[in-house]
$ cat final-v7.json   # JSON, C-alpha atoms and all ligand atoms
[["chain", "number", "residue", "atom", "x", "y", "z"],
["A", 1, "MET", "CA", 28.48, 172.25, -2.09],
["A", 2, "LYS", "CA", 28.99, 173.70, 1.41],
["A", 3, "THR", "CA", 32.30, 174.20, 3.19],
["A", 4, "ILE", "CA", 33.16, 173.65, 6.84],
["A", 5, "LEU", "CA", 36.37, 174.93, 8.45],
["A", 6, "ILE", "CA", 37.31, 172.65, 11.34],
["A", 7, "THR", "CA", 40.05, 173.70, 13.75],
["A", 8, "GLY", "CA", 41.82, 170.77, 15.37],
["A", 9, "ALA", "CA", 41.11, 168.16, 12.70],
["A", 10, "THR", "CA", 44.21, 166.08, 13.54],
["A", 11, "ALA", "CA", 42.47, 164.15, 16.35],
["A", 12, "GLY", "CA", 39.29, 163.61, 18.33],
["A", 13, "PHE", "CA", 36.09, 165.49, 17.55],
["A", 14, "GLY", "CA", 37.63, 167.51, 14.70],
["A", 15, "GLU", "CA", 38.95, 164.48, 12.82],
["A", 16, "ALA", "CA", 35.60, 162.69, 13.19],
["A", 17, "ALA", "CA", 33.79, 165.82, 12.01],
["A", 18, "ALA", "CA", 35.98, 166.00, 8.89],
["A", 19, "ARG", "CA", 35.03, 162.42, 8.00],
["A", 20, "LYS", "CA", 31.34, 163.00, 8.74],
["A", 21, "PHE", "CA", 30.99, 166.20, 6.70],
["A", 22, "VAL", "CA", 32.99, 164.96, 3.70],
["A", 23, "ALA", "CA", 30.90, 161.75, 3.69],
["A", 24, "GLY", "CA", 27.83, 164.00, 3.73],
["A", 25, "GLY", "CA", 28.96, 165.84, 0.58],
["A", 26, "TRP", "CA", 30.64, 168.91, 2.14],
["A", 27, "LYS", "CA", 34.11, 170.26, 1.54],
["A", 28, "ALA", "CA", 36.18, 170.44, 4.72],
["A", 29, "ILE", "CA", 39.18, 172.59, 5.61],
["A", 30, "GLY", "CA", 41.03, 170.92, 8.48],
["A", 31, "THR", "CA", 43.58, 172.66, 10.69],
["A", 32, "GLY", "CA", 46.00, 171.64, 13.44],
["A", 33, "ARG", "CA", 49.72, 171.69, 14.13],
["A", 34, "ARG", "CA", 50.44, 168.08, 13.10],
["A", 35, "GLU", "CA", 50.72, 168.48, 9.35],
["A", 36, "GLU", "CA", 51.46, 164.81, 8.68],
["A", 37, "ARG", "CA", 48.11, 163.82, 10.22],
["A", 38, "LEU", "CA", 46.29, 166.36, 8.06],
["A", 39, "LYS", "CA", 48.04, 164.98, 4.97],
["A", 40, "LYS", "CA", 46.98, 161.44, 5.91],
["A", 41, "LEU", "CA", 43.41, 162.63, 6.27],
["A", 42, "GLN", "CA", 43.64, 164.25, 2.84],
["A", 43, "GLU", "CA", 44.85, 160.94, 1.37],
["A", 44, "GLU", "CA", 41.80, 159.27, 2.92],
["A", 45, "LEU", "CA", 39.21, 161.95, 2.07],
["A", 46, "GLY", "CA", 40.55, 163.18, -1.26],
["A", 47, "ASP", "CA", 40.02, 166.55, -2.93],
["A", 48, "ALA", "CA", 37.09, 167.45, -0.67],
["A", 49, "PHE", "CA", 39.56, 167.96, 2.19],
["A", 50, "LEU", "CA", 42.03, 170.84, 2.38],
["A", 51, "PRO", "CA", 44.78, 170.53, 5.00],
["A", 52, "LEU", "CA", 45.90, 173.82, 6.53],
["A", 53, "ALA", "CA", 48.55, 173.34, 9.19],
["A", 54, "PHE", "CA", 49.00, 176.20, 11.63],
["A", 55, "ASP", "CA", 49.11, 176.90, 15.34],
["A", 56, "MET", "CA", 46.07, 178.59, 16.85],
["A", 57, "ARG", "CA", 48.49, 180.78, 18.81],
["A", 58, "ASP", "CA", 49.91, 182.22, 15.55],
["A", 59, "VAL", "CA", 47.80, 185.35, 15.16],
["A", 60, "GLY", "CA", 49.38, 186.17, 11.76],
["A", 61, "ALA", "CA", 48.37, 182.78, 10.33],
["A", 62, "ILE", "CA", 44.85, 183.24, 11.66],
["A", 63, "HIS", "CA", 44.46, 186.64, 10.05],
["A", 64, "ARG", "CA", 45.71, 185.28, 6.72],
["A", 65, "LEU", "CA", 42.74, 182.89, 6.70],
["A", 66, "SER", "CA", 40.45, 185.77, 5.79],
["A", 67, "ASP", "CA", 42.38, 185.89, 2.45],
["A", 68, "LEU", "CA", 41.51, 182.27, 1.52],
["A", 69, "ALA", "CA", 40.50, 182.38, -2.12],
["A", 70, "PRO", "CA", 37.33, 180.74, -3.45],
["A", 71, "PRO", "CA", 36.26, 177.98, -3.53],
["A", 72, "TRP", "CA", 37.90, 177.29, -0.16],
["A", 73, "GLY", "CA", 37.30, 180.82, 1.13],
["A", 74, "GLU", "CA", 33.53, 180.38, 0.96],
["A", 75, "VAL", "CA", 33.15, 179.01, 4.47],
["A", 76, "ASP", "CA", 29.58, 178.19, 5.53],
["A", 77, "LEU", "CA", 30.37, 176.70, 8.92],
["A", 78, "LEU", "CA", 33.20, 177.49, 11.31],
["A", 79, "LEU", "CA", 33.72, 174.67, 13.82],
["A", 80, "ASN", "CA", 35.88, 176.21, 16.53],
["A", 81, "ASN", "CA", 37.03, 172.91, 17.98],
["A", 82, "ALA", "CA", 40.81, 173.12, 18.59],
["A", 83, "GLY", "CA", 41.48, 173.19, 22.29],
["A", 84, "LEU", "CA", 43.30, 171.62, 25.20],
["A", 85, "ALA", "CA", 43.57, 171.63, 28.98],
["A", 86, "PRO", "CA", 46.50, 172.08, 31.36],
["A", 87, "PRO", "CA", 47.13, 169.44, 34.06],
["A", 88, "THR", "CA", 44.70, 169.35, 37.00],
["A", 89, "ASP", "CA", 47.48, 170.34, 39.44],
["A", 90, "PRO", "CA", 46.82, 173.33, 41.69],
["A", 91, "LEU", "CA", 47.33, 176.59, 39.82],
["A", 92, "ALA", "CA", 50.52, 177.60, 41.63],
["A", 93, "GLU", "CA", 52.12, 174.26, 40.74],
["A", 94, "THR", "CA", 51.24, 174.33, 37.04],
["A", 95, "ASP", "CA", 53.84, 175.49, 34.50],
["A", 96, "TRP", "CA", 53.07, 178.92, 33.15],
["A", 97, "GLU", "CA", 53.82, 177.77, 29.57],
["A", 98, "ARG", "CA", 51.05, 175.13, 29.80],
["A", 99, "ILE", "CA", 48.57, 177.67, 31.16],
["A", 100, "GLU", "CA", 49.44, 180.29, 28.57],
["A", 101, "ALA", "CA", 49.16, 177.77, 25.71],
["A", 102, "VAL", "CA", 45.65, 176.86, 26.84],
["A", 103, "ILE", "CA", 44.45, 180.46, 27.14],
["A", 104, "HIS", "CA", 46.02, 181.47, 23.83],
["A", 105, "THR", "CA", 44.56, 178.46, 21.99],
["A", 106, "ASN", "CA", 41.12, 178.18, 23.61],
["A", 107, "VAL", "CA", 40.40, 181.90, 23.89],
["A", 108, "THR", "CA", 42.67, 184.22, 21.88],
["A", 109, "GLY", "CA", 42.95, 181.95, 18.83],
["A", 110, "LEU", "CA", 39.23, 181.19, 18.81],
["A", 111, "VAL", "CA", 38.28, 184.87, 18.99],
["A", 112, "GLY", "CA", 40.88, 185.84, 16.37],
["A", 113, "LEU", "CA", 39.74, 183.21, 13.89],
["A", 114, "THR", "CA", 36.07, 184.00, 14.42],
["A", 115, "ARG", "CA", 36.75, 187.70, 13.88],
["A", 116, "ALA", "CA", 38.77, 186.98, 10.72],
["A", 117, "LEU", "CA", 36.03, 184.85, 9.16],
["A", 118, "LEU", "CA", 32.97, 186.82, 10.28],
["A", 119, "PRO", "CA", 32.63, 189.03, 7.17],
["A", 120, "LYS", "CA", 32.49, 185.90, 4.98],
["A", 121, "LEU", "CA", 30.16, 184.08, 7.36],
["A", 122, "ILE", "CA", 27.80, 187.07, 7.37],
["A", 123, "GLU", "CA", 27.91, 187.26, 3.57],
["A", 124, "ARG", "CA", 26.90, 183.59, 3.38],
["A", 125, "LYS", "CA", 24.45, 183.58, 6.34],
["A", 126, "GLY", "CA", 26.72, 180.94, 7.82],
["A", 127, "GLN", "CA", 27.05, 179.18, 11.14],
["A", 128, "ILE", "CA", 29.51, 178.99, 14.02],
["A", 129, "ILE", "CA", 29.81, 176.04, 16.41],
["A", 130, "ASN", "CA", 32.09, 176.64, 19.39],
["A", 131, "LEU", "CA", 33.45, 173.89, 21.64],
["A", 132, "SER", "CA", 32.87, 174.81, 25.24],
["A", 133, "SER", "CA", 32.51, 172.15, 27.95],
["A", 134, "VAL", "CA", 30.46, 171.11, 30.97],
["A", 135, "ALA", "CA", 33.47, 172.58, 32.80],
["A", 136, "ALA", "CA", 32.04, 176.01, 31.93],
["A", 137, "THR", "CA", 29.15, 175.33, 34.30],
["A", 138, "TYR", "CA", 30.25, 172.76, 36.90],
["A", 139, "PRO", "CA", 33.42, 173.52, 38.90],
["A", 140, "TYR", "CA", 35.92, 170.76, 39.75],
["A", 141, "LYS", "CA", 39.28, 170.65, 41.48],
["A", 142, "GLY", "CA", 42.13, 171.57, 39.17],
["A", 143, "GLY", "CA", 39.86, 172.93, 36.48],
["A", 144, "ALA", "CA", 40.26, 176.67, 37.06],
["A", 145, "VAL", "CA", 42.10, 177.65, 33.88],
["A", 146, "TYR", "CA", 40.48, 175.15, 31.52],
["A", 147, "ALA", "CA", 36.99, 175.79, 32.90],
["A", 148, "GLY", "CA", 37.63, 179.53, 32.78],
["A", 149, "THR", "CA", 38.46, 179.35, 29.07],
["A", 150, "LYS", "CA", 35.37, 177.25, 28.39],
["A", 151, "ALA", "CA", 33.11, 179.60, 30.35],
["A", 152, "PHE", "CA", 34.54, 182.34, 28.15],
["A", 153, "VAL", "CA", 33.66, 180.34, 25.03],
["A", 154, "ARG", "CA", 30.10, 179.78, 26.24],
["A", 155, "GLN", "CA", 29.50, 183.45, 27.03],
["A", 156, "PHE", "CA", 31.33, 184.60, 23.89],
["A", 157, "SER", "CA", 28.96, 182.43, 21.85],
["A", 158, "LEU", "CA", 25.84, 183.83, 23.50],
["A", 159, "ASP", "CA", 26.98, 187.45, 23.23],
["A", 160, "LEU", "CA", 28.13, 187.01, 19.64],
["A", 161, "ARG", "CA", 24.55, 186.11, 18.81],
["A", 162, "SER", "CA", 23.54, 189.58, 19.96],
["A", 163, "ASP", "CA", 26.12, 191.20, 17.66],
["A", 164, "LEU", "CA", 24.90, 189.03, 14.80],
["A", 165, "ALA", "CA", 21.19, 189.76, 15.21],
["A", 166, "GLY", "CA", 19.66, 190.33, 11.79],
["A", 167, "THR", "CA", 22.51, 188.68, 9.86],
["A", 168, "GLY", "CA", 21.08, 185.17, 9.75],
["A", 169, "VAL", "CA", 24.34, 183.78, 11.17],
["A", 170, "ARG", "CA", 23.73, 181.05, 13.77],
["A", 171, "VAL", "CA", 25.95, 180.44, 16.80],
["A", 172, "THR", "CA", 25.95, 177.42, 19.12],
["A", 173, "SER", "CA", 27.98, 176.61, 22.21],
["A", 174, "VAL", "CA", 28.51, 172.83, 22.46],
["A", 175, "GLU", "CA", 29.25, 171.74, 26.02],
["A", 176, "PRO", "CA", 30.26, 168.09, 26.30],
["A", 177, "GLY", "CA", 31.14, 166.00, 29.31],
["A", 178, "MET", "CA", 33.58, 163.08, 29.12],
["A", 179, "ALA", "CA", 34.50, 161.85, 25.66],
["A", 180, "GLU", "CA", 37.45, 159.57, 25.01],
["A", 181, "THR", "CA", 39.84, 161.28, 22.60],
["A", 182, "GLU", "CA", 43.47, 162.41, 22.96],
["A", 183, "PHE", "CA", 42.24, 165.15, 25.34],
["A", 184, "THR", "CA", 43.38, 163.46, 28.59],
["A", 185, "ILE", "CA", 46.63, 162.20, 27.05],
["A", 186, "VAL", "CA", 47.45, 165.82, 26.16],
["A", 187, "ARG", "CA", 46.27, 167.10, 29.56],
["A", 188, "THR", "CA", 48.49, 164.63, 31.45],
["A", 189, "GLY", "CA", 51.52, 165.40, 29.28],
["A", 190, "GLY", "CA", 51.35, 162.12, 27.33],
["A", 191, "ASP", "CA", 50.27, 159.64, 30.02],
["A", 192, "LYS", "CA", 48.22, 157.14, 28.01],
["A", 193, "GLU", "CA", 47.75, 154.86, 31.03],
["A", 194, "ALA", "CA", 46.23, 157.69, 33.08],
["A", 195, "SER", "CA", 43.88, 158.40, 30.20],
["A", 196, "ASP", "CA", 42.92, 154.69, 29.92],
["A", 197, "ARG", "CA", 42.25, 154.58, 33.69],
["A", 198, "LEU", "CA", 39.99, 157.64, 33.53],
["A", 199, "TYR", "CA", 37.73, 156.18, 30.85],
["A", 200, "ALA", "CA", 37.94, 152.51, 31.95],
["A", 201, "GLY", "CA", 34.52, 150.86, 32.28],
["A", 202, "MET", "CA", 32.53, 154.12, 32.20],
["A", 203, "ASN", "CA", 31.33, 154.09, 28.59],
["A", 204, "PRO", "CA", 32.40, 157.62, 27.63],
["A", 205, "MET", "CA", 31.07, 159.55, 24.66],
["A", 206, "THR", "CA", 32.97, 159.11, 21.40],
["A", 207, "SER", "CA", 34.20, 161.50, 18.72],
["A", 208, "GLY", "CA", 31.50, 159.98, 16.51],
["A", 209, "ASP", "CA", 28.80, 161.09, 18.98],
["A", 210, "LEU", "CA", 30.06, 164.66, 18.70],
["A", 211, "ALA", "CA", 30.39, 164.52, 14.90],
["A", 212, "ASP", "CA", 26.76, 163.36, 14.74],
["A", 213, "LEU", "CA", 25.75, 166.33, 16.90],
["A", 214, "PHE", "CA", 27.66, 168.81, 14.68],
["A", 215, "TRP", "CA", 25.99, 167.27, 11.63],
["A", 216, "TRP", "CA", 22.55, 167.64, 13.23],
["A", 217, "LEU", "CA", 23.24, 171.29, 14.08],
["A", 218, "ALA", "CA", 24.46, 171.97, 10.54],
["A", 219, "ASN", "CA", 21.33, 170.52, 8.98],
["A", 220, "LEU", "CA", 18.67, 172.27, 11.04],
["A", 221, "PRO", "CA", 16.31, 174.59, 9.19],
["A", 222, "PRO", "CA", 17.88, 178.08, 8.85],
["A", 223, "HIS", "CA", 15.30, 179.77, 11.10],
["A", 224, "LEU", "CA", 16.39, 177.71, 14.11],
["A", 225, "ASN", "CA", 19.29, 178.54, 16.45],
["A", 226, "ILE", "CA", 20.34, 176.12, 19.16],
["A", 227, "ASN", "CA", 22.05, 178.42, 21.68],
["A", 228, "THR", "CA", 23.73, 175.80, 23.86],
["A", 229, "VAL", "CA", 23.92, 172.02, 23.90],
["A", 230, "GLU", "CA", 25.06, 170.27, 27.08],
["A", 231, "LEU", "CA", 25.64, 166.53, 26.81],
["A", 232, "MET", "CA", 27.24, 163.82, 28.93],
["A", 233, "PRO", "CA", 27.61, 160.07, 28.91],
["A", 234, "VAL", "CA", 24.94, 158.45, 31.09],
["A", 235, "SER", "CA", 27.71, 157.19, 33.39],
["A", 236, "GLN", "CA", 28.88, 160.73, 34.26],
["A", 237, "SER", "CA", 26.96, 162.81, 36.76],
["A", 238, "PHE", "CA", 27.35, 165.52, 39.43],
["A", 239, "ALA", "CA", 29.08, 165.56, 42.80],
["A", 240, "GLY", "CA", 28.18, 167.78, 45.72],
["A", 241, "PHE", "CA", 29.99, 170.70, 47.33],
["A", 242, "THR", "CA", 33.22, 170.23, 49.27],
["A", 243, "VAL", "CA", 33.02, 171.20, 52.93],
["A", 244, "THR", "CA", 36.20, 171.63, 54.98],
["A", 245, "ARG", "CA", 36.02, 171.46, 58.79],
["A", 246, "GLU", "CA", 38.38, 172.57, 61.50],
["A", 247, "GLY", "CA", 40.50, 169.91, 63.22],
["B", 301, "LIG", "N1", 37.21, 165.10, 25.10],
["B", 301, "LIG", "C1", 36.43, 165.66, 26.01],
["B", 301, "LIG", "O1", 36.05, 165.02, 27.01],
["B", 301, "LIG", "C2", 35.98, 167.10, 25.85],
["B", 301, "LIG", "C3", 34.94, 167.54, 26.67],
["B", 301, "LIG", "C4", 34.49, 168.84, 26.56],
["B", 301, "LIG", "C5", 35.07, 169.68, 25.62],
["B", 301, "LIG", "N2", 36.10, 169.24, 24.84],
["B", 301, "LIG", "C6", 36.66, 170.19, 23.88],
["B", 301, "LIG", "O2", 36.49, 169.69, 22.57],
["B", 301, "LIG", "C7", 37.53, 170.16, 21.73],
["B", 301, "LIG", "C8", 38.15, 168.98, 20.99],
["B", 301, "LIG", "O3", 38.75, 168.13, 21.96],
["B", 301, "LIG", "P1", 39.10, 166.61, 21.71],
["B", 301, "LIG", "O4", 38.52, 165.87, 22.84],
["B", 301, "LIG", "O5", 38.76, 166.19, 20.32],
["B", 301, "LIG", "O6", 40.69, 166.67, 21.96],
["B", 301, "LIG", "P2", 41.94, 166.08, 21.13],
["B", 301, "LIG", "O7", 41.67, 164.69, 20.67],
["B", 301, "LIG", "O8", 43.12, 166.31, 22.01],
["B", 301, "LIG", "O9", 42.02, 167.05, 19.86],
["B", 301, "LIG", "C9", 42.34, 168.40, 20.03],
["B", 301, "LIG", "C10", 42.62, 169.07, 18.68],
["B", 301, "LIG", "O10", 42.95, 170.44, 18.94],
["B", 301, "LIG", "C11", 44.12, 170.77, 18.22],
["B", 301, "LIG", "N3", 44.92, 171.79, 18.90],
["B", 301, "LIG", "C12", 45.27, 171.86, 20.21],
["B", 301, "LIG", "N4", 46.08, 172.91, 20.42],
["B", 301, "LIG", "C13", 46.25, 173.53, 19.22],
["B", 301, "LIG", "C14", 47.00, 174.66, 18.78],
["B", 301, "LIG", "N5", 47.73, 175.42, 19.62],
["B", 301, "LIG", "N6", 46.95, 174.99, 17.46],
["B", 301, "LIG", "C15", 46.24, 174.25, 16.60],
["B", 301, "LIG", "N7", 45.49, 173.18, 16.94],
["B", 301, "LIG", "C16", 45.51, 172.82, 18.25],
["B", 301, "LIG", "C17", 44.90, 169.45, 18.13],
["B", 301, "LIG", "O11", 45.75, 169.51, 16.99],
["B", 301, "LIG", "P3", 47.37, 169.53, 17.03],
["B", 301, "LIG", "O12", 47.80, 168.93, 18.33],
["B", 301, "LIG", "O13", 47.77, 168.75, 15.82],
["B", 301, "LIG", "O14", 47.72, 170.98, 16.90],
["B", 301, "LIG", "C18", 43.78, 168.44, 17.94],
["B", 301, "LIG", "O15", 43.45, 168.34, 16.58],
["B", 301, "LIG", "C19", 38.49, 170.93, 22.61],
["B", 301, "LIG", "O16", 38.21, 172.32, 22.53],
["B", 301, "LIG", "C20", 38.16, 170.41, 24.02],
["B", 301, "LIG", "O17", 38.47, 171.36, 25.02],
["B", 301, "LIG", "C21", 36.55, 167.97, 24.93]]

$ encode --input "final-v7.json" --output "structure tokens"
Amino acid sequence: MKTILITGATAGFGEAAARKFVAGGWKAIGTGRREERLKKLQEELGDAFLPLAFDMRDVGAIHRLSDLAPPWGEVDLLLNNAGLAPPTDPLAETDWERIEAVIHTNVTGLVGLTRALLPKLIERKGQIINLSSVAATYPYKGGAVYAGTKAFVRQFSLDLRSDLAGTGVRVTSVEPGMAETEFTIVRTGGDKEASDRLYAGMNPMTSGDLADLFWWLANLPPHLNINTVELMPVSQSFAGFTVTREG
């Protein structure tokens, strides 16, 4: 029986992934700050799910994960999914605490956890799936910090592959466009109506779409590495450049 460690299993993609992998016969370790949600998921999924509540910004907690005893310590797949975005206000008008939380979660925590689990992943010829975003590639107003962290995740994933050459460990950067989760509610500081307006009538991707993609990646033959996957809902597309003119 294989084991997946999913960061951010209290909502969105991570929660859907926990359900998908446990239904598929895997054990899943789910993390996040909201312990009560993890406990509820454990009630639903049973002994195949291990709740591990901690904050991705807590470097000590992350390092302790390398001490996880078997059977839970035998992680085959690390799904680096926990992440968030600051508001889309101009940089100078965005609270420093919000910016710092995003960088520490999306970048520092992700690197720390990956580093802590790498020896075990190498031992087991495991797999790493990192959540980047289309924001890594396509700039938009108000996206500087979030997009910067996701561009880091994309490049980190590609370069990590170089480090891991010859180990059999696979690494993929998953780069989604708009999916309706709690992402925009968190980004707007709890404004559910703003989130509803953003996704209204545009048929966004769902957490289930992403869980299906993770499942596909996890079940590819071991000689195959998907480096990056970029996906969007059909109703999302690209805009042009902004041109400012005098007068
Ligand atoms: N939804 C989209 O349109 C979209 C598009 C591209 C990429 N992504 C990326 O996909 C990933 C999942 O997003 P989602 O849409 O599923 O968002 P979501 O519904 O808001 O879920 C985010 C998860 O991350 C966890 N998390 C956030 N900060 C954390 C921290 N400091 N410590 C521990 N866990 C933390 C949350 O858990 P707690 O709050 O309980 O800690 C939650 O479980 C993120 O990396 C996001 O950037 C999303």

$ residues_near_ligand --input "final-v7.json" --ligand "ligand LIG 301 (chain B)" --cutoff "8 Å" --atoms "only C-alpha atoms and all ligand atoms" --output "ChimeraX atom specification"
/A:7-15,31-35,37,53-57,80-85,101-102,104-106,131-135,146,150,174-186,205,207

$ write_last_selection --input "final-v7.json" --atoms "C-alpha atoms" --output "mmCIF file, in the coordinates of the input"
data_model
loop_
_atom_site.group_PDB
_atom_site.id
_atom_site.type_symbol
_atom_site.label_atom_id
_atom_site.label_comp_id
_atom_site.auth_asym_id
_atom_site.auth_seq_id
_atom_site.Cartn_x
_atom_site.Cartn_y
_atom_site.Cartn_z
ATOM 1 C CA THR A 7 40.050 173.700 13.750
ATOM 2 C CA GLY A 8 41.820 170.770 15.370
ATOM 3 C CA ALA A 9 41.110 168.160 12.700
ATOM 4 C CA THR A 10 44.210 166.080 13.540
ATOM 5 C CA ALA A 11 42.470 164.150 16.350
ATOM 6 C CA GLY A 12 39.290 163.610 18.330
ATOM 7 C CA PHE A 13 36.090 165.490 17.550
ATOM 8 C CA GLY A 14 37.630 167.510 14.700
ATOM 9 C CA GLU A 15 38.950 164.480 12.820
ATOM 10 C CA THR A 31 43.580 172.660 10.690
ATOM 11 C CA GLY A 32 46.000 171.640 13.440
ATOM 12 C CA ARG A 33 49.720 171.690 14.130
ATOM 13 C CA ARG A 34 50.440 168.080 13.100
ATOM 14 C CA GLU A 35 50.720 168.480 9.350
ATOM 15 C CA ARG A 37 48.110 163.820 10.220
ATOM 16 C CA ALA A 53 48.550 173.340 9.190
ATOM 17 C CA PHE A 54 49.000 176.200 11.630
ATOM 18 C CA ASP A 55 49.110 176.900 15.340
ATOM 19 C CA MET A 56 46.070 178.590 16.850
ATOM 20 C CA ARG A 57 48.490 180.780 18.810
ATOM 21 C CA ASN A 80 35.880 176.210 16.530
ATOM 22 C CA ASN A 81 37.030 172.910 17.980
ATOM 23 C CA ALA A 82 40.810 173.120 18.590
ATOM 24 C CA GLY A 83 41.480 173.190 22.290
ATOM 25 C CA LEU A 84 43.300 171.620 25.200
ATOM 26 C CA ALA A 85 43.570 171.630 28.980
ATOM 27 C CA ALA A 101 49.160 177.770 25.710
ATOM 28 C CA VAL A 102 45.650 176.860 26.840
ATOM 29 C CA HIS A 104 46.020 181.470 23.830
ATOM 30 C CA THR A 105 44.560 178.460 21.990
ATOM 31 C CA ASN A 106 41.120 178.180 23.610
ATOM 32 C CA LEU A 131 33.450 173.890 21.640
ATOM 33 C CA SER A 132 32.870 174.810 25.240
ATOM 34 C CA SER A 133 32.510 172.150 27.950
ATOM 35 C CA VAL A 134 30.460 171.110 30.970
ATOM 36 C CA ALA A 135 33.470 172.580 32.800
ATOM 37 C CA TYR A 146 40.480 175.150 31.520
ATOM 38 C CA LYS A 150 35.370 177.250 28.390
ATOM 39 C CA VAL A 174 28.510 172.830 22.460
ATOM 40 C CA GLU A 175 29.250 171.740 26.020
ATOM 41 C CA PRO A 176 30.260 168.090 26.300
ATOM 42 C CA GLY A 177 31.140 166.000 29.310
ATOM 43 C CA MET A 178 33.580 163.080 29.120
ATOM 44 C CA ALA A 179 34.500 161.850 25.660
ATOM 45 C CA GLU A 180 37.450 159.570 25.010
ATOM 46 C CA THR A 181 39.840 161.280 22.600
ATOM 47 C CA GLU A 182 43.470 162.410 22.960
ATOM 48 C CA PHE A 183 42.240 165.150 25.340
ATOM 49 C CA THR A 184 43.380 163.460 28.590
ATOM 50 C CA ILE A 185 46.630 162.200 27.050
ATOM 51 C CA VAL A 186 47.450 165.820 26.160
ATOM 52 C CA MET A 205 31.070 159.550 24.660
ATOM 53 C CA SER A 207 34.200 161.500 18.720
#

$ closest_residue --input "final-v7.json" --among "A:Leu65, A:Met1, A:Val153, A:Leu45" --to "A:Ala17" --atoms "only C-alpha atoms"
A:Leu45

$ axis_aligned_box --input "final-v7.json" --around "stretch 101-109 of chain A" --padding-each-side "6 Å" --output "lines of an AutoDock Vina configuration file"
center_x = 44.8
center_y = 180.5
center_z = 23.0
size_x = 20.8
size_y = 19.4
size_z = 20.3

$ atom_distance --input "final-v7.json" --atom1 "atom CA of A:Trp216" --atom2 "atom CA of A:Ala48"
20.1 Å

$ atom_distance --input "final-v7.json" --atom1 "atom CA of A:Ala151" --atom2 "atom CA of A:Ser66"
26.4 Å

$ atom_distance --input "final-v7.json" --atom1 "atom CA of A:Asp58" --atom2 "atom CA of A:Gly112"
9.8 Å

$ closest_residue --input "final-v7.json" --among "A:Ala165, A:Leu110, A:Ala23, A:Val243" --to "A:Ile129" --atoms "all atoms listed in the file"
A:Leu110

$ closest_residue --input "final-v7.json" --among "A:Trp215, A:Pro233, A:Lys40, A:Pro221" --to "A:Met202" --atoms "all atoms listed in the file"
A:Pro233

$ residues_around --input "final-v7.json" --residues "A:Pro70" --least-positions-apart "5" --cutoff "12 Å" --atoms "all atoms listed in the file" --output "PyMOL selection string"
chain A and resi 2-3+65+75+120

$ closest_residue --input "final-v7.json" --among "A:Glu43, A:Glu246, A:Glu230, A:Asp67" --to "A:Tyr138" --atoms "only C-alpha atoms"
A:Glu230

$ closest_residue --input "final-v7.json" --among "A:Thr149, A:Gln42, A:Thr167, A:Gln236" --to "A:Leu198" --atoms "all atoms listed in the file"
A:Gln236

$ closest_residue --input "final-v7.json" --among "A:Pro86, A:Gly109, A:Gly166, A:Gly201" --to "A:Ile62" --atoms "only C-alpha atoms"
A:Gly109

$ residues_near_point --input "final-v7.json" --point "(19.7, 176.3, 5.8)" --cutoff "12 Å" --atoms "all atoms listed in the file" --output "list in words"
Lys2, Asp76, Leu77, Arg124, Lys125, Gly126, Gln127, Gly168, Val169, Arg170, Trp216, Leu217, Ala218, Asn219, Leu220, Pro221, Pro222, His223, Leu224 and Asn225 of chain A
